[in-house]
$ cat run-v9.txt   # compact mmCIF, C-alpha atoms
# COMPACT_ATOMS: atom_id res chain seq x y z
CA MET C 681 73.45 93.38 115.94
CA LEU C 682 71.82 94.44 112.68
CA ARG C 683 69.63 91.36 112.58
CA ALA C 684 68.76 91.72 116.26
CA ALA C 685 67.60 95.28 115.55
CA GLY C 686 65.34 94.06 112.77
CA VAL C 687 67.45 95.33 109.88
CA GLY C 688 66.89 93.24 106.77
CA VAL C 689 65.63 93.05 103.22
CA GLY C 690 64.68 96.43 101.76
CA ASP C 691 66.73 98.38 104.31
CA GLU C 692 69.82 100.49 103.67
CA VAL C 693 72.74 100.79 106.08
CA VAL C 694 75.25 103.63 105.78
CA VAL C 695 78.85 102.44 106.09
CA PRO C 696 82.35 103.73 105.24
CA ALA C 697 84.14 102.57 102.09
CA PHE C 698 87.63 103.34 103.44
CA GLY C 699 88.54 99.79 104.46
CA ASN C 700 86.51 97.50 106.72
CA VAL C 701 84.98 95.36 103.99
CA GLU C 702 83.67 93.11 106.77
CA VAL C 703 81.19 95.85 107.71
CA ALA C 704 79.68 95.87 104.22
CA GLU C 705 79.66 92.06 104.30
CA ALA C 706 77.72 92.09 107.57
CA VAL C 707 75.10 94.39 106.04
CA VAL C 708 74.68 92.05 103.07
CA LEU C 709 74.45 89.02 105.36
CA ALA C 710 71.64 90.78 107.21
CA GLY C 711 69.84 91.10 103.86
CA ALA C 712 70.23 94.88 103.63
CA LEU C 713 72.04 97.14 101.15
CA PRO C 714 75.29 98.90 102.15
CA VAL C 715 75.32 102.58 101.19
CA PHE C 716 78.72 104.26 101.26
CA ALA C 717 79.34 107.70 102.74
CA ASP C 718 82.55 109.71 102.61
CA ILE C 719 85.06 110.08 105.43
CA ASP C 720 86.47 112.99 107.37
CA PRO C 721 89.98 113.59 105.97
CA VAL C 722 91.46 114.09 109.45
CA THR C 723 89.99 111.14 111.39
CA TYR C 724 89.39 108.76 108.43
CA CYS C 725 86.02 107.93 110.05
CA LEU C 726 82.56 108.58 108.61
CA ASP C 727 81.85 112.26 108.03
CA ALA C 728 78.54 113.16 109.67
CA GLY C 729 77.60 115.60 106.91
CA ALA C 730 78.25 112.97 104.26
CA VAL C 731 76.11 110.49 106.19
CA ALA C 732 73.22 112.95 106.37
CA ALA C 733 73.46 113.49 102.62
CA VAL C 734 72.87 109.82 101.77
CA VAL C 735 70.04 109.09 104.22
CA THR C 736 66.79 108.07 102.49
CA ARG C 737 63.44 106.75 103.69
CA ARG C 738 64.90 103.24 103.37
CA THR C 739 67.89 103.95 105.64
CA ALA C 740 67.65 101.87 108.80
CA ALA C 741 71.09 102.18 110.38
CA VAL C 742 74.56 103.72 110.34
CA VAL C 743 77.71 101.80 111.25
CA ALA C 744 80.51 104.06 112.47
CA VAL C 745 84.01 102.58 112.42
CA HIS C 746 86.77 104.01 114.60
CA ARG C 747 90.04 104.04 112.66
CA PHE C 748 93.77 104.10 113.44
CA GLY C 749 93.22 105.27 117.04
CA ARG C 750 90.82 108.09 116.19
CA SER C 751 87.11 108.06 117.03
CA ALA C 752 84.21 108.83 114.73
CA ASP C 753 82.03 111.83 115.59
CA ILE C 754 79.50 109.72 117.46
CA ALA C 755 77.67 112.69 118.98
CA ARG C 756 76.79 114.12 115.56
CA LEU C 757 75.96 110.70 114.16
CA HIS C 758 73.55 110.10 117.04
CA GLU C 759 71.93 113.46 116.31
CA ILE C 760 71.35 112.33 112.72
CA GLY C 761 70.09 108.99 114.00
CA GLN C 762 67.60 110.62 116.34
CA ARG C 763 66.42 113.00 113.61
CA HIS C 764 65.71 110.19 111.15
CA GLY C 765 64.95 107.32 113.51
CA LEU C 766 68.12 105.39 112.66
CA LEU C 767 70.09 102.83 114.61
CA VAL C 768 73.71 103.97 115.12
CA LEU C 769 76.21 101.16 115.69
CA GLU C 770 79.93 101.41 116.40
CA GLN C 771 82.81 99.15 115.45
CA GLY C 772 85.73 99.85 117.74
CA GLU C 773 89.37 98.81 117.75
CA SER C 774 91.02 96.48 120.23
CA GLU C 775 91.93 98.32 123.40
CA ALA C 776 95.61 98.54 124.26
CA PRO C 777 96.97 98.91 127.81
CA TYR C 778 97.45 102.50 128.94
CA ASP C 779 101.24 102.20 129.16
CA GLU C 780 101.39 100.92 125.58
CA ILE C 781 99.24 103.82 124.35
CA ALA C 782 101.50 106.25 126.22
CA GLN C 783 104.57 104.79 124.50
CA ARG C 784 102.90 104.98 121.09
CA ARG C 785 102.03 108.62 121.72
CA GLN C 786 105.63 109.30 122.71
CA ARG C 787 106.91 107.79 119.47
CA ALA C 788 104.25 109.58 117.45
CA SER C 789 105.30 112.88 119.01
CA TYR C 790 108.89 112.18 117.97
CA LEU C 791 107.82 111.50 114.39
CA ASP C 792 105.59 114.58 114.34
CA ALA C 793 108.59 116.74 115.23
CA LYS C 794 111.16 115.09 112.95
CA LEU C 795 109.42 114.01 109.73
CA LYS C 796 109.63 116.27 106.69
CA GLY C 797 108.02 115.96 103.27
CA VAL C 798 104.91 114.12 104.47
CA TYR C 799 101.73 115.21 106.22
CA THR C 800 101.76 113.87 109.78
CA PRO C 801 98.48 112.84 111.51
CA ASP C 802 96.39 115.20 113.61
CA GLY C 803 96.82 114.04 117.19
CA GLY C 804 93.64 115.57 118.64
CA ASP C 805 90.70 113.94 120.41
CA GLY C 806 92.68 111.37 122.37
CA HIS C 807 94.47 109.72 119.45
CA THR C 808 95.82 106.35 120.60
CA TYR C 809 97.92 105.75 117.44
CA GLN C 810 96.80 102.22 116.69
CA GLN C 811 98.51 103.14 113.45
CA TYR C 812 100.61 106.18 112.55
CA ILE C 813 99.15 107.35 109.24
CA VAL C 814 100.94 109.91 107.08
CA ARG C 815 99.99 111.30 103.72
CA VAL C 816 102.53 111.39 100.94
CA PRO C 817 102.07 114.54 98.85
CA GLY C 818 102.59 114.66 95.12
CA ASN C 819 100.74 112.75 92.44
CA GLY C 820 98.58 110.50 94.63
CA ARG C 821 99.07 106.76 94.42
CA PRO C 822 102.12 106.69 92.10
CA ASP C 823 104.14 108.91 94.44
CA ARG C 824 102.88 107.16 97.59
CA ASP C 825 103.73 103.72 96.22
CA ALA C 826 107.17 104.86 95.07
CA PHE C 827 107.77 106.42 98.49
CA ALA C 828 106.75 103.19 100.21
CA ARG C 829 109.11 101.09 98.06
CA ALA C 830 111.99 103.45 98.75
CA VAL C 831 111.36 103.46 102.50
CA ARG C 832 111.23 99.66 102.58
CA ALA C 833 114.49 99.54 100.62
CA ARG C 834 116.03 101.51 103.50
CA GLY C 835 114.99 98.82 105.97
CA VAL C 836 111.82 100.44 107.36
CA GLU C 837 108.56 98.51 107.37
CA CYS C 838 105.53 100.44 106.18
CA ARG C 839 102.22 99.51 104.62
CA VAL C 840 99.33 100.95 102.66
CA PRO C 841 96.38 100.84 105.08
CA VAL C 842 93.63 100.68 102.44
CA LYS C 843 94.63 99.55 98.95
CA THR C 844 91.15 99.64 97.37
CA PRO C 845 88.08 101.37 98.84
CA VAL C 846 85.17 98.98 99.32
CA HIS C 847 82.96 100.77 96.78
CA ARG C 848 85.59 99.93 94.11
CA LEU C 849 85.60 96.20 94.85
CA PRO C 850 83.71 94.19 92.18
CA GLU C 851 81.10 92.81 94.57
CA TYR C 852 80.30 96.24 96.04
CA ARG C 853 80.92 98.52 93.07
CA ARG C 854 78.89 101.72 93.32
CA CYS C 855 78.77 104.97 91.37
CA ALA C 856 79.35 106.95 94.56
CA SER C 857 81.14 110.28 94.88
CA LEU C 858 83.61 109.76 97.74
CA PRO C 859 86.48 112.17 97.03
CA GLU C 860 88.03 112.08 100.52
CA THR C 861 87.90 108.28 100.56
CA GLU C 862 89.58 108.09 97.14
CA ARG C 863 92.23 110.64 98.12
CA ALA C 864 93.01 108.85 101.39
CA ALA C 865 93.34 105.50 99.61
CA ASP C 866 95.82 107.08 97.18
CA GLU C 867 97.93 109.06 99.67
CA THR C 868 98.04 107.30 103.05
CA LEU C 869 100.86 105.20 104.42
CA ALA C 870 101.23 103.56 107.85
CA LEU C 871 104.65 104.01 109.46
CA PRO C 872 105.80 101.97 112.48
CA VAL C 873 104.97 103.43 115.89
CA ASP C 874 104.84 100.26 118.02
CA ALA C 875 105.72 100.50 121.69
CA SER C 876 108.54 97.99 121.14
CA LEU C 877 110.48 100.33 118.83
CA THR C 878 113.74 101.71 120.21
CA LYS C 879 115.04 105.23 119.75
CA ARG C 880 117.44 103.90 117.12
CA ASP C 881 114.47 102.35 115.29
CA MET C 882 112.65 105.67 115.31
CA GLN C 883 115.74 107.48 114.04
CA ARG C 884 115.92 104.96 111.20
CA VAL C 885 112.28 105.71 110.26
CA VAL C 886 112.93 109.44 110.20
CA SER C 887 116.18 109.09 108.26
CA ALA C 888 114.59 106.84 105.63
CA CYS C 889 111.59 109.13 105.11
CA ASN C 890 113.45 112.44 105.19
CA ALA C 891 116.02 111.18 102.69
CA LEU C 892 113.20 111.14 100.14
CA GLY C 893 111.98 114.65 100.81
CA GLY C 894 113.71 116.09 97.77
CA LEU C 895 111.89 113.65 95.50
CA LEU C 896 108.44 114.90 96.48
CA GLN C 897 106.52 118.14 96.50
CA PRO C 898 106.91 119.84 99.91
CA ALA C 899 104.10 119.08 102.34
CA PHE C 900 104.09 122.58 103.77
$ encode --input "run-v9.txt" --output "structure tokens"
Amino acid sequence: MLRAAGVGVGDEVVVPAFGNVEVAEAVVLAGALPVFADIDPVTYCLDAGAVAAVVTRRTAAVVAVHRFGRSADIARLHEIGQRHGLLVLEQGESEAPYDEIAQRRQRASYLDAKLKGVYTPDGGDGHTYQQYIVRVPGNGRPDRDAFARAVRARGVECRVPVKTPVHRLPEYRRCASLPETERAADETLALPVDASLTKRDMQRVVSACNALGGLLQPAF
């Protein structure tokens, strides 16, 4: 799409650094330079204000990535695009059947009500819970990684959604100030919320996580 729009050598394309290395790769393949903007700490998608701050005369496009079942603020990004004459592209997530989304939301609601000691996700704006992302409070990555190991030891699968932001990878290393991206990479953890999980499975998730509450700083 970038090539078809005439984006190429000498152009800059604003992209997120919180995961999605394939987006930065696509920009490079088109001959352009990826420029990283920070994310919104609630949606984990590009923050429109951060995008506006990095736009230059060489900026040709913005690629907004929808993450974890939350949508980027496309309306505001299009406003910025119209103001500066930029192409605004979207990378979406695979669509799940409505009944599966409804079951994920049901399980997410259960976790929202039962989990203690972690920050649960904001469920606004039609969250479809492609992933259920919590934040582990405390000392950033050391506490989050210790929490993840302890939860796995209790038989609950969990994973770190973004281990290294793209702007920290050797081939894309930039001296960019992306505090929300860095914080999210250090604190976030994906807990299971699949439609196939039984009530007993969900109780096991809650029990494993809440058993660690005394080891961490309180989330509230």
$ closest_residue --input "run-v9.txt" --among "C:Cys889, C:Val873, C:Val816, C:Leu795" --to "Gly749 in chain C" --atoms "all atoms listed in the file"
C:Val873
$ residues_around --input "run-v9.txt" --residues "range 762-778 of chain C" --least-positions-apart "5" --cutoff "10 Å" --atoms "all atoms listed in the file" --output "VMD selection string"
chain C and resid 681 to 682 685 687 693 to 694 700 703 732 735 to 737 739 to 752 754 756 to 757 783 to 784 808 810
$ atom_distance --input "run-v9.txt" --atom1 "CA of Glu867 in chain C" --atom2 "CA of Tyr790 in chain C"
21.6 Å
$ atom_distance --input "run-v9.txt" --atom1 "CA of Leu858 in chain C" --atom2 "CA of Val715 in chain C"
11.5 Å
$ residues_around --input "run-v9.txt" --residues "range 826-840 of chain C" --least-positions-apart "4" --cutoff "12 Å" --atoms "all atoms listed in the file" --output "ChimeraX atom specification"
/C:698-699,797-798,811-822,844-845,864-874,877,880-897
$ atom_distance --input "run-v9.txt" --atom1 "CA of Val846 in chain C" --atom2 "CA of Ala717 in chain C"
11.0 Å
$ residues_around --input "run-v9.txt" --residues "Pro714 in chain C" --least-positions-apart "5" --cutoff "7 Å" --atoms "all atoms listed in the file" --output "number ranges by chain"
C: 692-695, 704, 707-708
$ axis_aligned_box --input "run-v9.txt" --around "range 864-879 of chain C" --padding-each-side "3 Å" --output "lines of an AutoDock Vina configuration file"
center_x = 104.0
center_y = 103.5
center_z = 109.4
size_x = 28.0
size_y = 17.1
size_z = 30.5
$ closest_residue --input "run-v9.txt" --among "C:Cys725, C:Val734, C:Ala755, C:Ile760" --to "Glu860 in chain C" --atoms "all atoms listed in the file"
C:Cys725
$ closest_residue --input "run-v9.txt" --among "C:Ser857, C:Glu862, C:Ala788, C:Lys879" --to "Ala733 in chain C" --atoms "only C-alpha atoms"
C:Ser857
$ closest_residue --input "run-v9.txt" --among "C:Pro850, C:Pro859, C:Gly804, C:Gly729" --to "Val701 in chain C" --atoms "all atoms listed in the file"
C:Pro850
$ decode --input "run-v9.txt" --residues "range 735-813 of chain C" --atoms "C-alpha atoms" --output "PDB file, in the first residue's frame"
ATOM      1  CA  VAL C 735       5.660  15.036  11.729  1.00  0.00           C
ATOM      2  CA  THR C 736       8.170  16.855   9.498  1.00  0.00           C
ATOM      3  CA  ARG C 737       8.129  18.105   5.916  1.00  0.00           C
ATOM      4  CA  ARG C 738       9.435  14.675   4.874  1.00  0.00           C
ATOM      5  CA  THR C 739       6.580  12.746   6.533  1.00  0.00           C
ATOM      6  CA  ALA C 740       4.476  11.017   3.904  1.00  0.00           C
ATOM      7  CA  ALA C 741       2.320   8.592   5.883  1.00  0.00           C
ATOM      8  CA  VAL C 742       1.203   7.240   9.246  1.00  0.00           C
ATOM      9  CA  VAL C 743       0.523   3.559   9.899  1.00  0.00           C
ATOM     10  CA  ALA C 744      -1.893   3.002  12.780  1.00  0.00           C
ATOM     11  CA  VAL C 745      -1.918  -0.476  14.299  1.00  0.00           C
ATOM     12  CA  HIS C 746      -4.911  -1.726  16.275  1.00  0.00           C
ATOM     13  CA  ARG C 747      -3.705  -3.724  19.283  1.00  0.00           C
ATOM     14  CA  PHE C 748      -5.094  -6.410  21.609  1.00  0.00           C
ATOM     15  CA  GLY C 749      -8.714  -5.715  20.606  1.00  0.00           C
ATOM     16  CA  ARG C 750      -8.538  -1.943  21.005  1.00  0.00           C
ATOM     17  CA  SER C 751      -8.656   0.518  18.109  1.00  0.00           C
ATOM     18  CA  ALA C 752      -6.329   3.414  17.439  1.00  0.00           C
ATOM     19  CA  ASP C 753      -7.820   6.920  17.461  1.00  0.00           C
ATOM     20  CA  ILE C 754      -8.335   6.956  13.711  1.00  0.00           C
ATOM     21  CA  ALA C 755     -10.483  10.088  13.712  1.00  0.00           C
ATOM     22  CA  ARG C 756      -7.719  12.196  15.269  1.00  0.00           C
ATOM     23  CA  LEU C 757      -5.054  10.590  13.104  1.00  0.00           C
ATOM     24  CA  HIS C 758      -7.058  11.447   9.986  1.00  0.00           C
ATOM     25  CA  GLU C 759      -7.326  15.035  11.210  1.00  0.00           C
ATOM     26  CA  ILE C 760      -3.530  15.160  11.458  1.00  0.00           C
ATOM     27  CA  GLY C 761      -3.280  13.529   8.042  1.00  0.00           C
ATOM     28  CA  GLN C 762      -5.576  16.083   6.452  1.00  0.00           C
ATOM     29  CA  ARG C 763      -3.742  18.964   8.133  1.00  0.00           C
ATOM     30  CA  HIS C 764      -0.349  17.853   6.821  1.00  0.00           C
ATOM     31  CA  GLY C 765      -1.338  16.042   3.642  1.00  0.00           C
ATOM     32  CA  LEU C 766      -0.411  12.590   4.956  1.00  0.00           C
ATOM     33  CA  LEU C 767      -1.614   9.144   4.010  1.00  0.00           C
ATOM     34  CA  VAL C 768      -3.117   7.331   7.025  1.00  0.00           C
ATOM     35  CA  LEU C 769      -3.061   3.531   6.806  1.00  0.00           C
ATOM     36  CA  GLU C 770      -4.439   0.999   9.271  1.00  0.00           C
ATOM     37  CA  GLN C 771      -3.255  -2.465  10.221  1.00  0.00           C
ATOM     38  CA  GLY C 772      -6.103  -4.351  11.813  1.00  0.00           C
ATOM     39  CA  GLU C 773      -6.374  -7.633  13.687  1.00  0.00           C
ATOM     40  CA  SER C 774      -8.088 -10.774  12.459  1.00  0.00           C
ATOM     41  CA  GLU C 775     -11.813 -10.577  13.038  1.00  0.00           C
ATOM     42  CA  ALA C 776     -13.318 -13.127  15.403  1.00  0.00           C
ATOM     43  CA  PRO C 777     -16.932 -14.333  15.241  1.00  0.00           C
ATOM     44  CA  TYR C 778     -19.353 -12.328  17.372  1.00  0.00           C
ATOM     45  CA  ASP C 779     -20.100 -15.219  19.726  1.00  0.00           C
ATOM     46  CA  GLU C 780     -16.386 -15.712  20.374  1.00  0.00           C
ATOM     47  CA  ILE C 781     -15.936 -12.003  21.143  1.00  0.00           C
ATOM     48  CA  ALA C 782     -18.911 -12.158  23.503  1.00  0.00           C
ATOM     49  CA  GLN C 783     -17.336 -15.075  25.371  1.00  0.00           C
ATOM     50  CA  ARG C 784     -13.994 -13.288  25.612  1.00  0.00           C
ATOM     51  CA  ARG C 785     -15.739 -10.227  27.017  1.00  0.00           C
ATOM     52  CA  GLN C 786     -17.508 -12.416  29.562  1.00  0.00           C
ATOM     53  CA  ARG C 787     -14.218 -13.907  30.725  1.00  0.00           C
ATOM     54  CA  ALA C 788     -12.550 -10.500  30.746  1.00  0.00           C
ATOM     55  CA  SER C 789     -15.355  -9.158  32.931  1.00  0.00           C
ATOM     56  CA  TYR C 790     -14.771 -12.012  35.369  1.00  0.00           C
ATOM     57  CA  LEU C 791     -11.053 -11.229  35.542  1.00  0.00           C
ATOM     58  CA  ASP C 792     -11.743  -7.509  35.927  1.00  0.00           C
ATOM     59  CA  ALA C 793     -13.850  -8.229  39.003  1.00  0.00           C
ATOM     60  CA  LYS C 794     -11.608 -10.853  40.611  1.00  0.00           C
ATOM     61  CA  LEU C 795      -7.975  -9.927  39.944  1.00  0.00           C
ATOM     62  CA  LYS C 796      -6.036  -8.064  42.620  1.00  0.00           C
ATOM     63  CA  GLY C 797      -2.511  -6.665  42.597  1.00  0.00           C
ATOM     64  CA  VAL C 798      -2.410  -5.942  38.862  1.00  0.00           C
ATOM     65  CA  TYR C 799      -3.858  -3.195  36.681  1.00  0.00           C
ATOM     66  CA  THR C 800      -6.642  -4.664  34.536  1.00  0.00           C
ATOM     67  CA  PRO C 801      -7.296  -3.330  30.994  1.00  0.00           C
ATOM     68  CA  ASP C 802      -9.712  -0.515  30.219  1.00  0.00           C
ATOM     69  CA  GLY C 803     -12.644  -2.143  28.463  1.00  0.00           C
ATOM     70  CA  GLY C 804     -13.971   0.947  26.668  1.00  0.00           C
ATOM     71  CA  ASP C 805     -14.497   1.617  22.964  1.00  0.00           C
ATOM     72  CA  GLY C 806     -15.710  -1.842  22.012  1.00  0.00           C
ATOM     73  CA  HIS C 807     -12.744  -3.831  23.324  1.00  0.00           C
ATOM     74  CA  THR C 808     -12.815  -7.294  21.745  1.00  0.00           C
ATOM     75  CA  TYR C 809     -10.069  -8.737  24.004  1.00  0.00           C
ATOM     76  CA  GLN C 810      -7.915 -10.312  21.324  1.00  0.00           C
ATOM     77  CA  GLN C 811      -5.570 -10.408  24.294  1.00  0.00           C
ATOM     78  CA  TYR C 812      -6.211  -9.627  27.961  1.00  0.00           C
ATOM     79  CA  ILE C 813      -3.345  -7.312  28.910  1.00  0.00           C
TER      80      ILE C 813
END
